[in-house]
Amino acid sequence: MAFIDMYDIKKRYDVKQIFDGLDFHIEQGERVAIIGQNGCGKSTLLKLAVGLEEPDDGKVIRDSSIEIAMLSQMPSFKEGATVKEAIESELGELKAAQQRYQTLSQEIGKNPDDKTLLKEHENLSAYLDHHNAWDLTNKIERALQEFKLKEYENRLVSSLSGGEQRRVALASLILKKPDLLILDEPTNHLDVYMVEFLEDILLKEKFTLLLISHDRYFIDKIATRIVEVEDFKLVNYKGGYESYLQQKEQRLHSMQKEHENLLRLLKREEEWLAKGVRARETRNQGRKRRVFELREQAKKNPTLIRKMKVELEREKKSWRGEKIVAKKKMLFEIENLSYSIANKKLIENFTTRILQRDKIAIVGANGSGKSTLLKIMLGRLKPDSGKIKQGELSIGYFDQHREMLKDDATLIETFCPDGGDRVMVEGKNMHVFGYLKNFLFPKEYLDKKIFQLSGGEKNRVALALLFTKKYDCLILDEPTNDLDIQTINILEDKLLSFQGALLFVSHDRYFVDKLAQKLFIFKGNGEIEVSYQSYSEYLDIEKEIKSLDDFEKSLDKLQDEPEVKKEKKQTKLSYKDKRDLELLPPKIEELEAKIDELNECLANPNCYNQKGLSEVSKELNNIQQEYEELSERYLEILELQEELEG
């Protein structure tokens, strides 16, 4: 049975139709990403799924036996709770299950033949296994560290910013591991390192997910299926973002000519993916193979690790493309720039040049000083020391406050402040609607006031306004926030053809990889590293260096430990190991028999026609997966037993 089934859903707000005959289903193990233009109903679909809203017509069926949890845009917490208390309060059931399991283990030791106790013990074991809740203390500590909440653990949650509160809520849900986790833009307010941790834990813990995101790398890595909201219904695509692009292109090829513009954007997107990502993956596979080989060799010769780290550092800091510098006009020359706030160094002795047609991404962890550099370059902050030489140039600036917009102006007044309905764009005289249509605005929006627009719509207006003016340099601070993927594609297309210099702050790895020729990487201690690699490749190398550091430390620790500690190891099977050793063989035999039975059914048309070929195949796949997991667990215990006895 599916976790959630929606049939023939109809939904409207006032005169605006949202869904008309929508069907949707999600089953255990799926990770479904919802995409579509802002305002198309993505968040409404989540609210219908979780029961926060009801359809006007149609049916929503939820499996009553499962736990569904949703990351809210505005999470609420118990009054007076600290960060750590807020997270721990969400794990009450798991802690109670742990305590009950320990109590039962002691009781079974006294009454080993009590079937009621054994059954409850087995059910609790499965429950704790599913939630990976055997060591909650360690999991809480890691979540605090990875989501950069450790320094706030004793602070009241109410004293944190909105973004920090969302990180607390997300950490709580990840640790709680509901049967179905629903996430609305989970990567908002997360830096790239937090996003990578989130990706890893969602995959490792085998979450069932329903999510909205505009982070295309995140979708590509996480999603098993993408559903796009289109014409008040859903269109399904198997796989992640790359697979979606290919399937979407095939679908659009069979549709009318009006899709040519979108098809061109999709084709450019797919070509970029093929050239950039696959080439990088090929290089990474070779590098990772070297790392694994090196780990084995390093056990005999630790100096090899240091050699590999030096090679990776050199590769990470490679400077490509510098030969064409002389052909470009100098826009900024930064010399020994330093800036601190509250005794924290954000920028220290930074020297660089920014040239005409440079496309530079400013990246790094939250709070490391990225936006500060932009404000110094704009003259809004004064550096502690150093200087910036700047030629005569015009700068276009975009930030999340959208300061270039006036709330009481209409769209047409924003683009034509002197009257009329024409606007100059890249030397072409265009009608305002003809231009704004490229940014997905319908004609009826021309008379809307800015204050009536959503955050995403205001961002689209501000970005569209930037491209109606002639600038030598564009400075953008998180330009993709609140934008849907389709609008981000349009923005990328405009920026790729922009002839001036481009500096932008972003945590969107896909956006950075696609646009940036150079990276300014804020290390968090005042150092700014400059690299000409793709951001994803830089992050991969950085991760490999960290893994080598950790491996080297573990070797050093092992060598430094006293002999007594070295020999300290498990001396007997745990109670859980013994129970599994006893219970798994009959379960495995039962599954083997069922697999044989289903294979025979697949070879017999009378059998599979009666049950349905897809149903029989699906059942066989599920049972084979369970068989492999149980067999692997059983072999692990046998190997451990042999090791302990030997």
# chains A, B, ... in the order shown; residues from 1 in each chain; ligands from 1
>>> residues_around(residues="A:Pro417", least_positions_apart="4", cutoff="12 Å", atoms="only C-alpha atoms", output="compact mmCIF listing (two decimals) with N, CA, C and O atoms, in the first residue's frame")
# COMPACT_ATOMS: atom_id res chain seq x y z
N LEU A 405 13.69 48.24 -5.87
CA LEU A 405 12.25 48.24 -6.15
C LEU A 405 11.51 49.17 -5.19
O LEU A 405 11.86 49.29 -4.02
N LYS A 406 10.47 49.82 -5.70
CA LYS A 406 9.59 50.67 -4.88
C LYS A 406 8.25 49.96 -4.72
O LYS A 406 7.59 49.65 -5.71
N ALA A 409 5.02 51.16 -6.58
CA ALA A 409 5.03 51.28 -8.05
C ALA A 409 4.46 50.01 -8.68
O ALA A 409 4.61 48.91 -8.14
N THR A 410 3.82 50.15 -9.84
CA THR A 410 3.37 48.97 -10.59
C THR A 410 4.55 48.42 -11.39
O THR A 410 5.60 49.07 -11.50
N LEU A 411 4.36 47.25 -11.99
CA LEU A 411 5.43 46.68 -12.81
C LEU A 411 5.76 47.59 -13.99
O LEU A 411 6.94 47.83 -14.29
N ILE A 412 4.73 48.11 -14.65
CA ILE A 412 4.99 48.94 -15.83
C ILE A 412 5.66 50.25 -15.42
O ILE A 412 6.53 50.76 -16.14
N GLU A 413 5.33 50.80 -14.25
CA GLU A 413 5.99 52.02 -13.76
C GLU A 413 7.45 51.72 -13.37
O GLU A 413 8.32 52.58 -13.53
N ASP A 421 5.33 52.32 -22.70
CA ASP A 421 5.30 50.88 -22.43
C ASP A 421 6.44 50.14 -23.14
O ASP A 421 6.35 48.95 -23.42
N ARG A 422 7.52 50.90 -23.47
CA ARG A 422 8.67 50.31 -24.16
C ARG A 422 9.90 50.35 -23.25
O ARG A 422 10.03 51.22 -22.39
N VAL A 423 10.79 49.38 -23.44
CA VAL A 423 12.00 49.31 -22.63
C VAL A 423 13.15 48.86 -23.52
O VAL A 423 12.97 48.07 -24.45
N VAL A 432 7.17 46.18 -22.86
CA VAL A 432 7.41 45.68 -21.50
C VAL A 432 6.89 44.25 -21.34
O VAL A 432 7.56 43.38 -20.78
N LEU A 465 14.94 43.77 -14.08
CA LEU A 465 15.29 45.20 -14.13
C LEU A 465 16.80 45.38 -14.35
O LEU A 465 17.22 46.30 -15.07
>>> residues_around(residues="A:Val461", least_positions_apart="3", cutoff="10 Å", atoms="only C-alpha atoms", output="PyMOL selection string")
chain A and resi 402+404-405+411+414-415+436+439+441+450+453+456-458+464-466
>>> select_by_dssp(residues="stretch 153-236 of chain A", states="strand (DSSP E)", output="PyMOL selection string")
chain A and resi 180-184+209-212+225-230+233-236
>>> closest_residue(among="A:Lys233, A:Lys150, A:Lys59, A:Arg142", to="A:Gln17", atoms="only C-alpha atoms")
A:Lys233
>>> atom_distance(atom1="atom CA of A:Asp191", atom2="atom CA of A:Gly163")
11.2 Å
>>> residues_around(residues="A:Lys221", least_positions_apart="5", cutoff="12 Å", atoms="only C-alpha atoms", output="list of chain:residue names")
A:Arg31, A:Val32, A:Ala33, A:Val195, A:Glu196, A:Leu198, A:Glu199, A:Asp200, A:Leu202, A:Leu203, A:Asp215, A:Arg216, A:Ile226, A:Gly239, A:Gly240, A:Tyr241, A:Glu242, A:Ser243, A:Tyr510
>>> write_last_selection(atoms="all heavy atoms", output="compact mmCIF listing (two decimals), in the first residue's frame")
# COMPACT_ATOMS: atom_id res chain seq x y z
N ARG A 31 11.84 8.76 -3.04
CA ARG A 31 12.26 10.13 -2.70
C ARG A 31 11.80 11.01 -3.87
O ARG A 31 12.45 11.05 -4.92
CB ARG A 31 13.78 10.19 -2.50
CG ARG A 31 14.28 9.34 -1.35
CD ARG A 31 15.75 9.52 -1.07
NE ARG A 31 16.59 9.10 -2.18
CZ ARG A 31 17.03 7.85 -2.36
NH1 ARG A 31 16.70 6.90 -1.50
NH2 ARG A 31 17.79 7.56 -3.40
N VAL A 32 10.68 11.68 -3.65
CA VAL A 32 9.99 12.40 -4.74
C VAL A 32 10.22 13.90 -4.61
O VAL A 32 9.94 14.50 -3.56
CB VAL A 32 8.48 12.09 -4.72
CG1 VAL A 32 7.78 12.83 -5.86
CG2 VAL A 32 8.24 10.58 -4.83
N ALA A 33 10.76 14.50 -5.67
CA ALA A 33 10.97 15.95 -5.71
C ALA A 33 9.88 16.59 -6.57
O ALA A 33 9.61 16.13 -7.68
CB ALA A 33 12.34 16.26 -6.30
N VAL A 195 24.56 21.09 3.34
CA VAL A 195 23.77 20.41 2.30
C VAL A 195 24.36 19.03 2.02
O VAL A 195 23.63 18.03 1.88
CB VAL A 195 23.71 21.24 1.00
CG1 VAL A 195 23.06 20.44 -0.13
CG2 VAL A 195 22.94 22.54 1.23
N GLU A 196 25.68 18.95 1.95
CA GLU A 196 26.32 17.65 1.70
C GLU A 196 26.05 16.67 2.85
O GLU A 196 25.80 15.48 2.61
CB GLU A 196 27.82 17.83 1.50
CG GLU A 196 28.17 18.47 0.16
CD GLU A 196 29.66 18.48 -0.12
OE1 GLU A 196 30.45 18.48 0.84
OE2 GLU A 196 30.02 18.48 -1.31
N LEU A 198 23.40 16.75 4.77
CA LEU A 198 21.99 16.39 4.63
C LEU A 198 21.81 15.32 3.55
O LEU A 198 21.08 14.34 3.76
CB LEU A 198 21.19 17.65 4.28
CG LEU A 198 19.68 17.47 4.06
CD1 LEU A 198 19.01 16.93 5.33
CD2 LEU A 198 19.02 18.79 3.65
N GLU A 199 22.46 15.49 2.41
CA GLU A 199 22.39 14.49 1.34
C GLU A 199 22.84 13.12 1.85
O GLU A 199 22.17 12.11 1.63
CB GLU A 199 23.27 14.91 0.16
CG GLU A 199 22.74 16.09 -0.63
CD GLU A 199 23.75 16.61 -1.63
OE1 GLU A 199 24.95 16.23 -1.57
OE2 GLU A 199 23.35 17.42 -2.50
N ASP A 200 23.99 13.11 2.51
CA ASP A 200 24.57 11.84 2.97
C ASP A 200 23.65 11.12 3.94
O ASP A 200 23.43 9.91 3.82
CB ASP A 200 25.93 12.08 3.63
CG ASP A 200 27.00 12.49 2.63
OD1 ASP A 200 26.78 12.30 1.42
OD2 ASP A 200 28.05 13.02 3.05
N LEU A 202 20.34 11.51 4.43
CA LEU A 202 19.07 11.11 3.82
C LEU A 202 19.23 9.81 3.02
O LEU A 202 18.34 8.95 3.02
CB LEU A 202 18.53 12.21 2.91
CG LEU A 202 18.02 13.49 3.60
CD1 LEU A 202 17.63 14.53 2.58
CD2 LEU A 202 16.86 13.19 4.55
N LEU A 203 20.36 9.67 2.34
CA LEU A 203 20.61 8.46 1.56
C LEU A 203 21.01 7.29 2.45
O LEU A 203 20.51 6.17 2.29
CB LEU A 203 21.71 8.72 0.52
CG LEU A 203 21.34 9.70 -0.59
CD1 LEU A 203 22.55 10.02 -1.45
CD2 LEU A 203 20.23 9.14 -1.47
N ASP A 215 17.45 23.33 -5.72
CA ASP A 215 18.86 22.95 -5.77
C ASP A 215 18.99 21.72 -6.68
O ASP A 215 18.66 20.60 -6.29
CB ASP A 215 19.36 22.65 -4.36
CG ASP A 215 20.85 22.37 -4.31
OD1 ASP A 215 21.38 21.76 -5.26
OD2 ASP A 215 21.49 22.74 -3.31
N ARG A 216 19.46 21.94 -7.91
CA ARG A 216 19.43 20.87 -8.91
C ARG A 216 20.40 19.73 -8.61
O ARG A 216 20.10 18.57 -8.89
CB ARG A 216 19.69 21.47 -10.30
CG ARG A 216 18.50 22.28 -10.79
CD ARG A 216 18.88 23.30 -11.82
NE ARG A 216 19.69 24.37 -11.24
CZ ARG A 216 20.20 25.37 -11.95
NH1 ARG A 216 19.98 25.45 -13.24
NH2 ARG A 216 20.92 26.30 -11.35
N ILE A 226 10.87 12.62 -10.08
CA ILE A 226 10.52 14.05 -10.10
C ILE A 226 9.10 14.18 -10.63
O ILE A 226 8.74 13.55 -11.63
CB ILE A 226 11.50 14.84 -10.99
CG1 ILE A 226 12.89 14.90 -10.32
CG2 ILE A 226 10.99 16.26 -11.25
CD1 ILE A 226 13.95 15.56 -11.17
N GLY A 239 13.82 9.04 -11.88
CA GLY A 239 15.22 9.41 -11.63
C GLY A 239 15.39 10.83 -11.14
O GLY A 239 14.44 11.50 -10.73
N GLY A 240 16.67 11.30 -11.20
CA GLY A 240 17.03 12.62 -10.71
C GLY A 240 16.95 13.69 -11.78
O GLY A 240 16.30 13.52 -12.82
N TYR A 241 17.67 14.80 -11.55
CA TYR A 241 17.53 15.97 -12.42
C TYR A 241 18.07 15.73 -13.83
O TYR A 241 17.46 16.16 -14.81
CB TYR A 241 18.24 17.17 -11.78
CG TYR A 241 17.99 18.45 -12.53
CD1 TYR A 241 16.74 19.05 -12.53
CD2 TYR A 241 19.01 19.06 -13.26
CE1 TYR A 241 16.50 20.22 -13.24
CE2 TYR A 241 18.78 20.24 -13.97
CZ TYR A 241 17.52 20.81 -13.95
OH TYR A 241 17.28 21.95 -14.65
N GLU A 242 19.19 15.04 -13.94
CA GLU A 242 19.75 14.78 -15.27
C GLU A 242 18.79 13.92 -16.09
O GLU A 242 18.53 14.20 -17.27
CB GLU A 242 21.10 14.07 -15.14
CG GLU A 242 21.78 13.82 -16.49
CD GLU A 242 23.13 13.15 -16.35
OE1 GLU A 242 23.57 12.91 -15.21
OE2 GLU A 242 23.74 12.87 -17.39
N SER A 243 18.22 12.90 -15.46
CA SER A 243 17.25 12.04 -16.14
C SER A 243 15.99 12.84 -16.51
O SER A 243 15.43 12.66 -17.60
CB SER A 243 16.89 10.87 -15.22
OG SER A 243 15.89 10.07 -15.80
N TYR A 510 25.21 23.87 -8.41
CA TYR A 510 24.92 23.73 -9.84
C TYR A 510 25.07 25.09 -10.53
O TYR A 510 25.70 25.21 -11.58
CB TYR A 510 23.49 23.21 -9.99
CG TYR A 510 23.13 22.67 -11.35
CD1 TYR A 510 22.99 21.31 -11.56
CD2 TYR A 510 22.88 23.52 -12.43
CE1 TYR A 510 22.63 20.80 -12.80
CE2 TYR A 510 22.52 23.03 -13.66
CZ TYR A 510 22.39 21.67 -13.85
OH TYR A 510 22.04 21.18 -15.08
>>> residues_around(residues="A:His130", least_positions_apart="4", cutoff="10 Å", atoms="only C-alpha atoms", output="list in words")
Leu124, Ser125, Ala126, Lys177, Pro178, Asp179, Glu205, Lys206 and Phe207 of chain A
>>> write_last_selection(atoms="all heavy atoms", output="PDB file, in the first residue's frame")
ATOM      1  N   LEU A 124      10.716  -4.130  19.172  1.00  0.00           N
ATOM      2  CA  LEU A 124      11.492  -2.950  19.561  1.00  0.00           C
ATOM      3  C   LEU A 124      12.822  -2.900  18.823  1.00  0.00           C
ATOM      4  O   LEU A 124      13.282  -1.830  18.422  1.00  0.00           O
ATOM      5  CB  LEU A 124      11.736  -2.953  21.075  1.00  0.00           C
ATOM      6  CG  LEU A 124      10.634  -2.360  21.946  1.00  0.00           C
ATOM      7  CD1 LEU A 124      10.965  -2.574  23.418  1.00  0.00           C
ATOM      8  CD2 LEU A 124      10.454  -0.874  21.666  1.00  0.00           C
ATOM      9  N   SER A 125      13.446  -4.061  18.666  1.00  0.00           N
ATOM     10  CA  SER A 125      14.721  -4.122  17.940  1.00  0.00           C
ATOM     11  C   SER A 125      14.542  -3.632  16.508  1.00  0.00           C
ATOM     12  O   SER A 125      15.357  -2.853  15.995  1.00  0.00           O
ATOM     13  CB  SER A 125      15.254  -5.553  17.954  1.00  0.00           C
ATOM     14  OG  SER A 125      16.449  -5.640  17.205  1.00  0.00           O
ATOM     15  N   ALA A 126      13.455  -4.094  15.862  1.00  0.00           N
ATOM     16  CA  ALA A 126      13.177  -3.659  14.477  1.00  0.00           C
ATOM     17  C   ALA A 126      12.906  -2.157  14.426  1.00  0.00           C
ATOM     18  O   ALA A 126      13.351  -1.461  13.503  1.00  0.00           O
ATOM     19  CB  ALA A 126      11.980  -4.434  13.925  1.00  0.00           C
ATOM     20  N   LYS A 177      13.539  10.617  12.308  1.00  0.00           N
ATOM     21  CA  LYS A 177      13.299   9.732  11.168  1.00  0.00           C
ATOM     22  C   LYS A 177      11.865   9.200  11.109  1.00  0.00           C
ATOM     23  O   LYS A 177      11.598   8.028  11.377  1.00  0.00           O
ATOM     24  CB  LYS A 177      14.280   8.557  11.143  1.00  0.00           C
ATOM     25  CG  LYS A 177      14.306   7.888   9.769  1.00  0.00           C
ATOM     26  CD  LYS A 177      15.123   6.641   9.715  1.00  0.00           C
ATOM     27  CE  LYS A 177      15.046   6.013   8.336  1.00  0.00           C
ATOM     28  NZ  LYS A 177      15.710   4.715   8.266  1.00  0.00           N
ATOM     29  N   PRO A 178      10.921  10.078  10.746  1.00  0.00           N
ATOM     30  CA  PRO A 178       9.543   9.612  10.542  1.00  0.00           C
ATOM     31  C   PRO A 178       9.469   8.683   9.329  1.00  0.00           C
ATOM     32  O   PRO A 178      10.387   8.646   8.512  1.00  0.00           O
ATOM     33  CB  PRO A 178       8.777  10.920  10.286  1.00  0.00           C
ATOM     34  CG  PRO A 178       9.811  11.850   9.734  1.00  0.00           C
ATOM     35  CD  PRO A 178      11.099  11.498  10.412  1.00  0.00           C
ATOM     36  N   ASP A 179       8.357   7.957   9.211  1.00  0.00           N
ATOM     37  CA  ASP A 179       8.206   7.039   8.068  1.00  0.00           C
ATOM     38  C   ASP A 179       8.191   7.806   6.749  1.00  0.00           C
ATOM     39  O   ASP A 179       8.725   7.339   5.747  1.00  0.00           O
ATOM     40  CB  ASP A 179       6.910   6.233   8.217  1.00  0.00           C
ATOM     41  CG  ASP A 179       6.928   5.381   9.466  1.00  0.00           C
ATOM     42  OD1 ASP A 179       7.796   4.503   9.557  1.00  0.00           O
ATOM     43  OD2 ASP A 179       6.094   5.616  10.359  1.00  0.00           O
ATOM     44  N   GLU A 205      20.359   6.758   5.625  1.00  0.00           N
ATOM     45  CA  GLU A 205      19.284   6.304   6.510  1.00  0.00           C
ATOM     46  C   GLU A 205      18.048   5.829   5.739  1.00  0.00           C
ATOM     47  O   GLU A 205      17.043   5.455   6.324  1.00  0.00           O
ATOM     48  CB  GLU A 205      18.875   7.445   7.461  1.00  0.00           C
ATOM     49  CG  GLU A 205      20.001   7.983   8.325  1.00  0.00           C
ATOM     50  CD  GLU A 205      20.223   7.152   9.570  1.00  0.00           C
ATOM     51  OE1 GLU A 205      19.488   6.173   9.752  1.00  0.00           O
ATOM     52  OE2 GLU A 205      21.120   7.485  10.354  1.00  0.00           O
ATOM     53  N   LYS A 206      18.114   5.889   4.398  1.00  0.00           N
ATOM     54  CA  LYS A 206      17.043   5.374   3.536  1.00  0.00           C
ATOM     55  C   LYS A 206      15.682   5.992   3.873  1.00  0.00           C
ATOM     56  O   LYS A 206      14.691   5.297   4.096  1.00  0.00           O
ATOM     57  CB  LYS A 206      16.973   3.847   3.624  1.00  0.00           C
ATOM     58  CG  LYS A 206      18.245   3.161   3.134  1.00  0.00           C
ATOM     59  CD  LYS A 206      18.160   1.665   3.231  1.00  0.00           C
ATOM     60  CE  LYS A 206      19.454   1.016   2.734  1.00  0.00           C
ATOM     61  NZ  LYS A 206      19.463  -0.449   2.896  1.00  0.00           N
ATOM     62  N   PHE A 207      15.646   7.313   3.913  1.00  0.00           N
ATOM     63  CA  PHE A 207      14.398   8.040   4.173  1.00  0.00           C
ATOM     64  C   PHE A 207      13.424   7.884   3.004  1.00  0.00           C
ATOM     65  O   PHE A 207      13.833   7.767   1.842  1.00  0.00           O
ATOM     66  CB  PHE A 207      14.688   9.535   4.335  1.00  0.00           C
ATOM     67  CG  PHE A 207      15.100   9.941   5.722  1.00  0.00           C
ATOM     68  CD1 PHE A 207      16.388   9.736   6.174  1.00  0.00           C
ATOM     69  CD2 PHE A 207      14.191  10.541   6.576  1.00  0.00           C
ATOM     70  CE1 PHE A 207      16.776  10.119   7.442  1.00  0.00           C
ATOM     71  CE2 PHE A 207      14.561  10.932   7.854  1.00  0.00           C
ATOM     72  CZ  PHE A 207      15.844  10.723   8.293  1.00  0.00           C
TER      73      PHE A 207
END
>>> residues_around(residues="A:Phe504", least_positions_apart="5", cutoff="10 Å", atoms="only C-alpha atoms", output="ChimeraX atom specification")
/A:359-363,370-371,374,397-399,474-479,512,515-516,519-520
>>> select_by_dssp(residues="stretch 390-626 of chain A", states="helix (DSSP H, G or I)", output="PyMOL selection string")
chain A and resi 411-415+432-439+443-447+450-452+455-466+485-496+509-515+535-560+563-566+575-602+605-611+613-626
>>> residues_around(residues="A:Gln641", least_positions_apart="2", cutoff="12 Å", atoms="only C-alpha atoms", output="PyMOL selection string")
chain A and resi 570-574+577-578+581+634-639+643-646
>>> atom_distance(atom1="atom CA of A:Gly526", atom2="atom CA of A:Ala365")
12.2 Å
>>> residues_around(residues="A:Leu265", least_positions_apart="6", cutoff="10 Å", atoms="only C-alpha atoms", output="ChimeraX atom specification")
/A:271,486,489-490,492-493
>>> closest_residue(among="A:Arg509, A:Lys329, A:Lys47, A:Lys470", to="A:Thr187", atoms="only C-alpha atoms")
A:Arg509
>>> closest_residue(among="A:Ile485, A:Leu355, A:Leu393, A:Leu156", to="A:Ile34", atoms="only C-alpha atoms")
A:Ile485
>>> atom_distance(atom1="atom CA of A:Glu153", atom2="atom CA of A:Ile347")
27.3 Å
